[in-house]
>>> print(open('data-v8.cif').read())   # mmCIF, C-alpha atoms
data_input
#
loop_
_atom_site.label_atom_id
_atom_site.label_comp_id
_atom_site.auth_asym_id
_atom_site.auth_seq_id
_atom_site.Cartn_x
_atom_site.Cartn_y
_atom_site.Cartn_z
CA MET U 1 116.48 91.91 124.91
CA ARG U 2 117.86 88.42 124.43
CA PRO U 3 114.61 86.62 123.44
CA VAL U 4 114.15 89.12 120.60
CA THR U 5 117.71 88.70 119.35
CA GLN U 6 117.26 84.93 119.43
CA LEU U 7 113.95 85.08 117.57
CA LEU U 8 115.51 87.15 114.76
CA HIS U 9 118.90 85.43 114.87
CA ASN U 10 120.34 85.15 111.33
CA LYS U 11 117.12 86.56 109.88
CA PHE U 12 116.73 89.07 107.09
CA VAL U 13 113.84 91.40 107.98
CA VAL U 14 112.44 93.94 105.51
CA VAL U 15 110.08 96.76 106.48
CA LEU U 16 108.23 98.49 103.64
CA GLY U 17 106.04 101.56 103.94
CA ASP U 18 105.64 105.15 105.01
CA SER U 19 106.79 107.13 108.05
CA ILE U 20 104.78 104.92 110.42
CA GLN U 21 106.62 101.90 109.05
CA ARG U 22 109.90 103.80 109.40
CA SER U 23 109.21 104.09 113.13
CA VAL U 24 108.34 100.37 113.18
CA TYR U 25 111.80 99.74 111.73
CA LYS U 26 113.46 102.10 114.19
CA ASP U 27 111.85 100.55 117.25
CA LEU U 28 112.81 97.09 116.02
CA VAL U 29 116.43 98.21 115.59
CA LEU U 30 116.38 99.77 119.06
CA ILE U 31 114.90 96.77 120.84
CA LEU U 32 117.58 94.53 119.36
CA GLN U 33 120.20 96.65 121.12
CA ARG U 34 118.72 97.78 124.42
CA ASP U 35 115.56 98.02 126.47
CA SER U 36 114.52 101.62 125.91
CA TYR U 37 112.01 103.69 123.96
CA LEU U 38 112.42 105.90 120.92
CA SER U 39 112.91 109.56 121.73
CA LEU U 40 110.73 112.27 120.25
CA SER U 41 113.54 113.47 118.01
CA GLN U 42 114.14 109.93 116.75
CA LEU U 43 110.47 109.56 115.88
CA LYS U 44 110.36 112.88 114.04
CA SER U 45 113.64 112.52 112.17
CA LYS U 46 113.74 111.22 108.62
CA GLY U 47 116.56 110.65 106.20
CA GLU U 48 119.29 111.02 108.84
CA PHE U 49 122.71 109.57 108.01
CA ALA U 50 122.70 107.22 111.01
CA PHE U 51 120.26 105.96 113.61
CA GLU U 52 121.35 103.66 116.46
CA GLN U 53 124.25 102.17 114.48
CA ASP U 54 122.30 101.75 111.26
CA CYS U 55 123.21 103.47 108.00
CA LEU U 56 121.45 105.41 105.29
CA VAL U 57 121.85 103.48 102.03
CA GLU U 58 119.90 105.55 99.52
CA GLY U 59 117.89 108.76 99.45
CA GLY U 60 117.25 110.79 102.57
CA ARG U 61 120.02 113.30 103.20
CA LEU U 62 122.06 111.61 100.49
CA GLY U 63 119.55 113.08 98.02
CA GLN U 64 116.83 115.70 98.14
CA MET U 65 114.70 116.03 101.27
CA ASN U 66 111.04 116.69 100.45
CA ASN U 67 107.46 115.63 101.19
CA GLY U 68 106.69 114.50 97.66
CA THR U 69 105.82 111.12 96.21
CA LYS U 70 109.33 110.77 94.74
CA TYR U 71 111.05 110.89 98.14
CA ARG U 72 113.27 107.88 98.72
CA GLU U 73 114.89 106.50 101.84
CA VAL U 74 116.56 103.11 102.29
CA ARG U 75 118.02 102.29 105.69
CA GLN U 76 119.82 99.22 107.00
CA TYR U 77 120.91 97.86 110.35
CA ARG U 78 123.38 95.00 110.17
CA THR U 79 125.32 92.93 112.67
CA ASP U 80 126.94 89.51 112.41
CA HIS U 81 123.57 87.85 113.00
CA HIS U 82 120.87 90.41 112.21
CA LEU U 83 119.89 92.32 109.11
CA ILE U 84 116.98 94.77 109.14
CA ARG U 85 116.24 96.90 106.08
CA PHE U 86 113.70 99.66 105.53
CA TYR U 87 112.38 101.02 102.24
CA PHE U 88 110.26 104.17 102.26
CA VAL U 89 107.48 103.80 99.70
CA THR U 90 104.51 106.00 98.82
CA GLN U 91 102.65 103.53 96.60
CA VAL U 92 102.07 99.83 97.11
CA PHE U 93 103.07 99.09 93.53
CA SER U 94 105.10 101.30 91.22
CA ARG U 95 108.31 101.23 89.18
CA TYR U 96 110.20 101.86 92.39
CA MET U 97 108.48 98.93 94.09
CA GLU U 98 109.36 96.79 91.08
CA SER U 99 113.03 97.65 91.66
CA ILE U 100 112.71 96.63 95.31
CA LEU U 101 111.14 93.31 94.36
CA ALA U 102 113.94 92.83 91.83
CA ASP U 103 116.40 93.12 94.74
CA PHE U 104 114.60 90.24 96.45
CA GLU U 105 114.43 88.20 93.26
CA GLN U 106 118.10 88.58 92.39
CA GLY U 107 119.53 88.53 95.90
CA ILE U 108 118.86 86.84 99.21
CA LYS U 109 115.20 86.38 100.07
CA PRO U 110 113.79 88.02 103.22
CA ASP U 111 112.74 85.75 106.06
CA LEU U 112 110.21 88.33 107.25
CA VAL U 113 108.51 91.16 105.34
CA ILE U 114 106.50 93.75 107.31
CA VAL U 115 104.58 95.93 104.88
CA ASN U 116 101.91 98.60 104.70
CA SER U 117 101.11 101.21 102.07
CA CYS U 118 97.83 103.04 102.26
CA VAL U 119 97.59 106.70 103.27
CA TRP U 120 99.79 108.00 100.46
CA ASP U 121 98.10 105.69 97.93
CA ILE U 122 94.62 107.00 98.65
CA SER U 123 95.48 110.69 98.94
CA ARG U 124 98.34 111.64 96.64
CA TYR U 125 97.69 109.94 93.32
CA SER U 126 94.01 110.16 92.45
CA ARG U 127 90.73 111.35 93.92
CA GLU U 128 89.12 108.17 92.62
CA TRP U 129 91.71 106.00 94.32
CA ASP U 130 89.80 102.79 94.99
CA SER U 131 90.14 100.99 91.65
CA GLU U 132 93.82 101.90 91.22
CA TYR U 133 94.62 100.92 94.81
CA ARG U 134 92.92 97.55 94.46
CA GLU U 135 94.71 96.86 91.19
CA ASN U 136 98.09 97.83 92.69
CA LEU U 137 97.46 95.65 95.74
CA ASN U 138 96.61 92.71 93.51
CA THR U 139 99.75 93.20 91.42
CA PHE U 140 102.00 93.67 94.45
CA PHE U 141 100.75 90.61 96.31
CA ARG U 142 100.87 88.45 93.18
CA LYS U 143 104.49 89.40 92.43
CA LEU U 144 105.49 89.02 96.07
CA LYS U 145 103.94 85.57 96.13
CA THR U 146 105.91 84.62 93.04
CA ILE U 147 109.27 85.95 94.22
CA LEU U 148 109.39 84.87 97.87
CA PRO U 149 109.88 81.26 98.97
CA GLU U 150 107.09 79.51 100.82
CA GLU U 151 108.87 79.78 104.18
CA SER U 152 109.06 83.59 104.03
CA LEU U 153 106.59 85.25 106.38
CA VAL U 154 104.75 88.33 105.09
CA VAL U 155 102.77 90.47 107.56
CA TRP U 156 100.44 93.14 106.20
CA ASN U 157 100.02 95.89 108.80
CA MET U 158 96.63 97.53 108.56
CA THR U 159 96.72 101.32 108.76
CA MET U 160 96.20 102.83 112.19
CA PRO U 161 93.31 105.24 112.99
CA LEU U 162 93.73 108.78 111.70
CA GLY U 163 92.55 111.85 113.55
CA LYS U 164 89.69 114.19 112.72
CA LYS U 165 92.15 116.97 111.94
CA ILE U 166 95.39 116.23 110.14
CA VAL U 167 98.20 118.78 110.23
CA GLY U 168 101.88 118.81 109.43
CA GLY U 169 104.06 117.98 106.45
CA PHE U 170 102.02 115.06 105.13
CA LEU U 171 98.88 117.06 104.30
CA VAL U 172 100.26 119.30 101.55
CA PRO U 173 97.95 122.09 100.25
CA GLU U 174 97.02 120.05 97.16
CA ILE U 175 95.21 117.45 99.27
CA ALA U 176 94.07 119.61 102.19
CA HIS U 177 90.45 119.12 101.13
CA MET U 178 90.77 115.39 101.87
CA GLY U 179 91.67 115.87 105.53
CA PRO U 180 88.16 115.64 107.03
CA THR U 181 87.26 112.37 105.28
CA LEU U 182 90.63 110.64 105.04
CA ARG U 183 90.07 108.69 108.24
CA PHE U 184 86.99 107.08 106.65
CA ASP U 185 88.84 106.32 103.41
CA VAL U 186 91.47 104.49 105.48
CA ILE U 187 88.81 102.14 106.86
CA GLU U 188 87.67 101.27 103.35
CA ALA U 189 91.25 100.87 102.13
CA ASN U 190 92.05 98.66 105.12
CA TYR U 191 89.30 96.34 104.02
CA PHE U 192 90.78 96.08 100.53
CA GLY U 193 94.32 95.46 101.79
CA ALA U 194 93.50 92.98 104.53
CA THR U 195 91.05 90.91 102.51
CA LEU U 196 93.34 90.64 99.51
CA ALA U 197 96.42 89.90 101.64
CA ASN U 198 94.47 87.10 103.27
CA GLU U 199 93.43 85.72 99.87
CA PHE U 200 97.06 85.52 98.80
CA GLY U 201 98.01 83.62 101.94
CA PHE U 202 99.74 86.47 103.78
CA ASP U 203 99.27 87.30 107.44
CA VAL U 204 97.32 90.37 108.57
CA LEU U 205 97.90 92.41 111.73
CA ASP U 206 94.91 94.67 112.41
CA LEU U 207 96.56 97.70 114.01
CA HIS U 208 93.44 99.78 113.39
CA PHE U 209 91.49 97.48 115.69
CA GLN U 210 94.27 97.20 118.25
CA PHE U 211 94.64 100.97 118.65
CA ARG U 212 91.02 102.07 118.37
CA PHE U 213 90.92 102.76 122.11
CA SER U 214 94.52 104.01 122.42
CA LEU U 215 94.07 107.34 120.68
CA GLN U 216 95.78 109.16 123.56
CA HIS U 217 99.04 107.82 122.11
CA ARG U 218 98.47 109.42 118.73
CA MET U 219 100.45 112.58 118.13
CA HIS U 220 98.89 115.97 117.58
CA ASP U 221 99.31 115.84 113.80
CA GLY U 222 96.59 113.15 113.66
CA VAL U 223 98.78 110.68 111.76
CA HIS U 224 101.82 109.60 113.77
CA TRP U 225 102.09 107.80 117.10
CA ASN U 226 104.33 108.06 120.14
CA SER U 227 107.05 105.76 121.39
CA VAL U 228 104.72 103.83 123.70
CA ALA U 229 102.44 102.95 120.81
CA HIS U 230 105.38 101.87 118.68
CA ARG U 231 106.69 99.58 121.39
CA LYS U 232 103.26 97.98 121.52
CA ILE U 233 103.38 97.52 117.73
CA THR U 234 106.76 95.83 118.10
CA CYS U 235 105.39 93.51 120.77
CA LEU U 236 102.41 92.60 118.58
CA LEU U 237 104.62 91.93 115.58
CA LEU U 238 107.17 89.83 117.44
CA GLU U 239 104.47 87.81 119.16
CA HIS U 240 102.82 87.20 115.80
CA VAL U 241 106.12 86.16 114.20
CA ALA U 242 106.99 83.86 117.10
CA GLN U 243 103.65 82.06 116.83
CA ALA U 244 103.96 81.77 113.06
CA TRP U 245 107.40 80.18 113.44
CA GLY U 246 106.32 77.98 116.35
CA VAL U 247 108.62 79.70 118.84
CA GLU U 248 107.61 80.23 122.45
CA LEU U 249 108.36 83.85 123.26
CA PRO U 250 107.97 85.28 126.79
CA LYS U 251 105.78 88.33 127.12
CA LEU U 252 107.90 91.27 126.08
CA ASP U 253 106.67 93.44 128.92
CA GLN U 254 108.01 90.86 131.39
CA ILE U 255 111.43 90.22 129.85
CA ASN U 256 113.14 92.75 132.10
CA PRO U 257 110.76 93.34 135.03
CA ASP U 258 113.43 95.06 137.12
CA LYS U 259 113.80 97.87 134.60
CA HIS U 260 110.20 98.18 133.49
CA PRO U 261 107.94 96.66 136.18
CA PRO U 262 104.33 95.96 135.19
CA LEU U 263 102.07 98.92 135.97
CA PRO U 264 98.91 98.34 138.02
CA GLU U 265 95.46 99.57 137.11
CA ASN U 266 94.93 103.33 137.61
CA HIS U 267 98.68 103.81 137.91
CA SER U 268 100.37 107.16 138.26
CA TRP U 269 102.98 108.31 135.79
CA GLN U 270 106.39 108.32 137.39
CA MET U 271 109.82 109.77 136.83
CA ALA U 272 112.96 107.83 137.66
CA THR U 273 115.09 109.56 140.26
CA SER U 274 118.07 108.62 142.34
CA SER U 275 115.76 107.96 145.28
CA ALA U 276 112.27 106.48 145.43
CA PRO U 277 110.10 107.27 142.38
CA ALA U 278 107.88 110.29 142.85
CA PRO U 279 104.53 110.61 141.08
CA ALA U 280 104.42 113.10 138.26
CA ARG U 281 101.40 114.57 136.57
CA TYR U 282 101.01 113.34 133.04
CA GLN U 283 100.44 116.12 130.52
CA ASP U 284 101.93 114.95 127.23
CA PRO U 285 103.03 111.62 125.72
CA TYR U 286 106.48 113.09 125.21
CA SER U 287 107.86 114.45 128.46
CA ARG U 288 110.91 116.67 128.29
CA GLN U 289 112.23 115.05 131.44
CA ARG U 290 115.38 113.19 130.47
CA CYS U 291 114.64 110.28 132.81
CA PHE U 292 110.96 109.97 132.01
CA TYR U 293 109.77 106.41 131.44
CA PRO U 294 106.48 105.91 129.57
CA PRO U 295 104.27 103.05 130.75
CA VAL U 296 104.83 99.57 129.41
CA MET U 297 101.98 98.44 127.19
CA PRO U 298 101.61 94.65 127.31
CA ALA U 299 101.58 92.60 124.15
CA ILE U 300 98.10 91.66 122.97
CA HIS U 301 97.37 88.35 121.28
CA TYR U 302 97.34 88.84 117.54
CA ASN U 303 93.79 87.69 116.91
CA ASN U 304 91.92 89.63 119.57
CA GLY U 305 90.54 91.58 116.62
CA PRO U 306 88.03 90.35 114.08
CA VAL U 307 89.01 87.28 112.07
CA TRP U 308 89.12 87.73 108.30
CA THR U 309 87.23 84.96 106.51
CA GLN U 310 86.82 84.24 102.83
CA GLY U 311 84.39 86.60 101.08
CA GLN U 312 83.66 88.56 104.24
CA ARG U 313 81.87 91.87 103.65
CA MET U 314 82.47 95.17 105.39
CA ARG U 315 78.90 95.29 106.66
CA GLN U 316 79.76 92.52 109.15
CA PHE U 317 82.15 94.86 110.98
CA ASN U 318 79.90 97.09 113.02
CA GLY U 319 82.90 98.11 115.12
CA PHE U 320 83.84 100.74 112.54
CA GLY U 321 81.25 103.13 113.99
CA SER U 322 81.49 105.73 116.71
CA GLN U 323 84.17 103.90 118.68
CA TYR U 324 86.62 104.52 115.84
CA CYS U 325 88.13 107.97 116.36
CA HIS U 326 84.89 108.93 118.16
CA ASP U 327 83.15 109.73 114.88
CA ASP U 328 80.11 108.26 113.17
CA LEU U 329 80.44 107.23 109.56
CA PRO U 330 78.47 109.49 107.22
CA PRO U 331 75.54 107.80 105.45
CA HIS U 332 77.14 107.96 102.00
CA MET U 333 80.17 106.03 103.33
CA THR U 334 78.08 103.35 105.07
CA ALA U 335 76.11 102.60 101.92
CA GLY U 336 79.27 102.02 99.93
CA TYR U 337 80.53 99.34 102.30
CA GLN U 338 77.68 97.02 101.32
CA SER U 339 78.31 97.11 97.59
CA PHE U 340 81.58 95.17 97.26
CA GLU U 341 81.17 92.22 94.91
CA ARG U 342 83.69 89.41 95.36
CA GLU U 343 84.38 88.83 91.66
CA ASN U 344 84.85 92.49 90.68
CA PHE U 345 86.83 93.31 93.81
CA TYR U 346 89.44 90.60 93.34
CA ARG U 347 89.85 91.20 89.63
CA GLY U 348 90.57 94.91 90.07
CA ALA U 349 90.26 97.64 87.49
CA SER U 350 92.17 95.84 84.74
CA ASN U 351 90.50 92.42 85.09
CA ALA U 352 93.70 90.94 86.42
CA PRO U 353 93.56 87.25 87.42
CA ALA U 354 91.83 86.70 90.73
CA ALA U 355 93.89 85.91 93.81
CA PRO U 356 94.43 82.19 94.46
CA TYR U 357 91.95 80.62 96.86
CA TRP U 358 93.20 78.29 99.56
CA PRO U 359 90.54 76.86 101.90
CA VAL U 360 93.03 76.66 104.80
CA ASN U 361 93.65 80.40 104.74
CA ASN U 362 90.55 81.50 106.60
CA LEU U 363 92.27 83.05 109.60
CA VAL U 364 94.48 86.05 110.20
CA MET U 365 97.28 83.70 111.23
CA LYS U 366 98.19 81.27 108.47
CA GLN U 367 99.57 77.79 108.91
CA LYS U 368 102.74 77.71 110.94
CA ARG U 369 105.76 78.06 108.73
CA ARG U 370 108.99 76.17 108.86
CA ARG U 371 111.36 78.40 110.79
CA PRO U 372 114.32 79.40 108.57
CA HIS U 373 117.57 77.68 109.44
CA ALA U 374 119.64 79.81 111.82
CA GLY U 375 122.79 77.72 112.04
CA GLU U 376 124.84 79.72 109.58
CA ARG U 377 126.00 83.29 109.45
CA LEU U 378 124.19 85.82 107.30
CA HIS U 379 125.01 85.77 103.64
CA PRO U 380 126.58 88.83 102.03
CA TYR U 381 124.10 91.44 100.91
CA ARG U 382 123.87 94.02 98.23
CA TYR U 383 124.10 96.91 100.71
#
>>> encode(input="data-v8.cif", output="structure tokens")
Amino acid sequence: MRPVTQLLHNKFVVVLGDSIQRSVYKDLVLILQRDSYLSLSQLKSKGEFAFEQDCLVEGGRLGQMNNGTKYREVRQYRTDHHLIRFYFVTQVFSRYMESILADFEQGIKPDLVIVNSCVWDISRYSREWDSEYRENLNTFFRKLKTILPEESLVVWNMTMPLGKKIVGGFLVPEIAHMGPTLRFDVIEANYFGATLANEFGFDVLDLHFQFRFSLQHRMHDGVHWNSVAHRKITCLLLEHVAQAWGVELPKLDQINPDKHPPLPENHSWQMATSSAPAPARYQDPYSRQRCFYPPVMPAIHYNNGPVWTQGQRMRQFNGFGSQYCHDDLPPHMTAGYQSFERENFYRGASNAPAAPYWPVNNLVMKQKRRRPHAGERLHPYRY
């Protein structure tokens, strides 16, 4: 997709986070090469030696495969004019994250950082996760602000809606008791992450809001999402980046209309055949038909969701009710949302210095940044 390759021409893109962020990385790598969707096996695979001409740098199958907090995976896709790197992290700030930030400090600085760390933070380290998570967020954002140049664009992805019932490898027996309420904890943690990212001058992409009515694209484990959802995430991210850099980007669902024509309202799912397309009954987001094409989901403008303003409280967001995952918030959760105090929240558990306050940063999209110079080839990298 030529507009995408031009947008990221000579750019160093870093994706930080969990398995959802790994699929964000994979779809970005795929869209730079061809107009197709991730397969089910590609979405489910982790730690493989190679994916679509990328390489495994650290961890994964080079080390020990497990579902623990010490699992590591660093992947990289590199061409003459593109460099995309992924780090699997289970905590927003840790010794491992310090080593990643040291890579940025000592080497070339990323032009774009796409980051999220939430579900592991609030489930695997402590039952009383809120104070530690807020402190780690504060430390991470402060160090990132110090290390990266002003022209670097940082996008904090808010965590997507979780299901009522979570199954699979993520929910190990030790935290099985958290399954029923984890989706509510994510909403509270999203508030912490988005508000603090905004205070530090970073951009916020509210994927929880964007996908609140797209739950049919969530997989049966209650955590992960299918290839259609991940292509929509890619469209949202690229549209956000283009606007931040002042680049006019055509709608991604219209870049190649001959291959993926726009679908009308109340469309039927179709399979590509050698003759005219024949309607096929949709039963599962992942068809086993080899020529099955999922529907194209158009890019949505980045700020269709609620705008984050300075000092905004959770009680102003009534949208976190029954429309989120079709569940009402329990009374004990609702009461807690109205007790956040600005001073205590920003200082965290250890009374760390409050985040800097900039009056201009009152929107999800920050001031347009100077687009990094793309006239030279990529510099050599550590990996």
>>> residues_near_point(input="data-v8.cif", point="(113.6, 88.5, 112.0)", cutoff="8 Å", atoms="only C-alpha atoms", output="VMD selection string")
chain U and resid 7 to 13 82 to 84 111 to 112
>>> resolve_selection(input="data-v8.cif", expression="the PyMOL selection byres ((chain U and resi 100-104) around 12)", output="PDB file with C-alpha atoms, in the frame of the given file")
ATOM      1  CA  PHE U  12     116.730  89.070 107.090  1.00  0.00           C
ATOM      2  CA  VAL U  13     113.840  91.400 107.980  1.00  0.00           C
ATOM      3  CA  VAL U  14     112.440  93.940 105.510  1.00  0.00           C
ATOM      4  CA  VAL U  15     110.080  96.760 106.480  1.00  0.00           C
ATOM      5  CA  LEU U  16     108.230  98.490 103.640  1.00  0.00           C
ATOM      6  CA  GLY U  17     106.040 101.560 103.940  1.00  0.00           C
ATOM      7  CA  ARG U  72     113.270 107.880  98.720  1.00  0.00           C
ATOM      8  CA  VAL U  74     116.560 103.110 102.290  1.00  0.00           C
ATOM      9  CA  ARG U  85     116.240  96.900 106.080  1.00  0.00           C
ATOM     10  CA  PHE U  86     113.700  99.660 105.530  1.00  0.00           C
ATOM     11  CA  TYR U  87     112.380 101.020 102.240  1.00  0.00           C
ATOM     12  CA  PHE U  88     110.260 104.170 102.260  1.00  0.00           C
ATOM     13  CA  VAL U  89     107.480 103.800  99.700  1.00  0.00           C
ATOM     14  CA  VAL U  92     102.070  99.830  97.110  1.00  0.00           C
ATOM     15  CA  PHE U  93     103.070  99.090  93.530  1.00  0.00           C
ATOM     16  CA  SER U  94     105.100 101.300  91.220  1.00  0.00           C
ATOM     17  CA  ARG U  95     108.310 101.230  89.180  1.00  0.00           C
ATOM     18  CA  TYR U  96     110.200 101.860  92.390  1.00  0.00           C
ATOM     19  CA  MET U  97     108.480  98.930  94.090  1.00  0.00           C
ATOM     20  CA  GLU U  98     109.360  96.790  91.080  1.00  0.00           C
ATOM     21  CA  SER U  99     113.030  97.650  91.660  1.00  0.00           C
ATOM     22  CA  GLU U 105     114.430  88.200  93.260  1.00  0.00           C
ATOM     23  CA  GLN U 106     118.100  88.580  92.390  1.00  0.00           C
ATOM     24  CA  GLY U 107     119.530  88.530  95.900  1.00  0.00           C
ATOM     25  CA  ILE U 108     118.860  86.840  99.210  1.00  0.00           C
ATOM     26  CA  LYS U 109     115.200  86.380 100.070  1.00  0.00           C
ATOM     27  CA  PRO U 110     113.790  88.020 103.220  1.00  0.00           C
ATOM     28  CA  ASP U 111     112.740  85.750 106.060  1.00  0.00           C
ATOM     29  CA  LEU U 112     110.210  88.330 107.250  1.00  0.00           C
ATOM     30  CA  VAL U 113     108.510  91.160 105.340  1.00  0.00           C
ATOM     31  CA  THR U 139      99.750  93.200  91.420  1.00  0.00           C
ATOM     32  CA  PHE U 140     102.000  93.670  94.450  1.00  0.00           C
ATOM     33  CA  PHE U 141     100.750  90.610  96.310  1.00  0.00           C
ATOM     34  CA  ARG U 142     100.870  88.450  93.180  1.00  0.00           C
ATOM     35  CA  LYS U 143     104.490  89.400  92.430  1.00  0.00           C
ATOM     36  CA  LEU U 144     105.490  89.020  96.070  1.00  0.00           C
ATOM     37  CA  LYS U 145     103.940  85.570  96.130  1.00  0.00           C
ATOM     38  CA  THR U 146     105.910  84.620  93.040  1.00  0.00           C
ATOM     39  CA  ILE U 147     109.270  85.950  94.220  1.00  0.00           C
ATOM     40  CA  LEU U 148     109.390  84.870  97.870  1.00  0.00           C
ATOM     41  CA  PRO U 149     109.880  81.260  98.970  1.00  0.00           C
ATOM     42  CA  SER U 152     109.060  83.590 104.030  1.00  0.00           C
ATOM     43  CA  TYR U 381     124.100  91.440 100.910  1.00  0.00           C
ATOM     44  CA  ARG U 382     123.870  94.020  98.230  1.00  0.00           C
ATOM     45  CA  TYR U 383     124.100  96.910 100.710  1.00  0.00           C
TER      46      TYR U 383
END
>>> atom_distance(input="data-v8.cif", atom1="CA of Phe200 (chain U)", atom2="CA of Glu150 (chain U)")
11.9 Å
>>> residues_around(input="data-v8.cif", residues="Asp18 (chain U)", least_positions_apart="6", cutoff="10 Å", atoms="only C-alpha atoms", output="CSV table (one decimal) with C-alpha atoms, keeping the file's coordinate frame")
chain,number,residue,atom,x,y,z
U,24,VAL,CA,108.3,100.4,113.2
U,73,GLU,CA,114.9,106.5,101.8
U,86,PHE,CA,113.7,99.7,105.5
U,87,TYR,CA,112.4,101.0,102.2
U,88,PHE,CA,110.3,104.2,102.3
U,89,VAL,CA,107.5,103.8,99.7
U,90,THR,CA,104.5,106.0,98.8
U,91,GLN,CA,102.6,103.5,96.6
U,115,VAL,CA,104.6,95.9,104.9
U,116,ASN,CA,101.9,98.6,104.7
U,117,SER,CA,101.1,101.2,102.1
U,118,CYS,CA,97.8,103.0,102.3
U,119,VAL,CA,97.6,106.7,103.3
U,120,TRP,CA,99.8,108.0,100.5
>>> residues_near_point(input="data-v8.cif", point="(110.4, 104.4, 115.8)", cutoff="8 Å", atoms="only C-alpha atoms", output="list in words")
Ile20, Arg22, Ser23, Val24, Tyr25, Lys26, Asp27, Leu28, Leu38, Gln42, Leu43, Ser227 and His230 of chain U
>>> atom_distance(input="data-v8.cif", atom1="CA of Val204 (chain U)", atom2="CA of Arg127 (chain U)")
26.4 Å
>>> atom_distance(input="data-v8.cif", atom1="CA of Thr5 (chain U)", atom2="CA of Ala244 (chain U)")
16.6 Å
>>> resolve_selection(input="data-v8.cif", expression="the PyMOL selection byres ((chain U and resi 213-220) around 9)", output="list in words")
Pro161, Leu162, Gly163, Lys165, Ile166, Val167, Phe209, Gln210, Phe211, Arg212, Asp221, Gly222, Val223, His224, Trp225, Asn226, Ser227, Val228, Ala229, Pro285, Gln323, Tyr324 and Cys325 of chain U
>>> resolve_selection(input="data-v8.cif", expression="the PyMOL selection byres ((chain U and resi 186) around 9)", output="VMD selection string")
chain U and resid 118 to 119 122 159 to 162 181 to 185 187 to 191
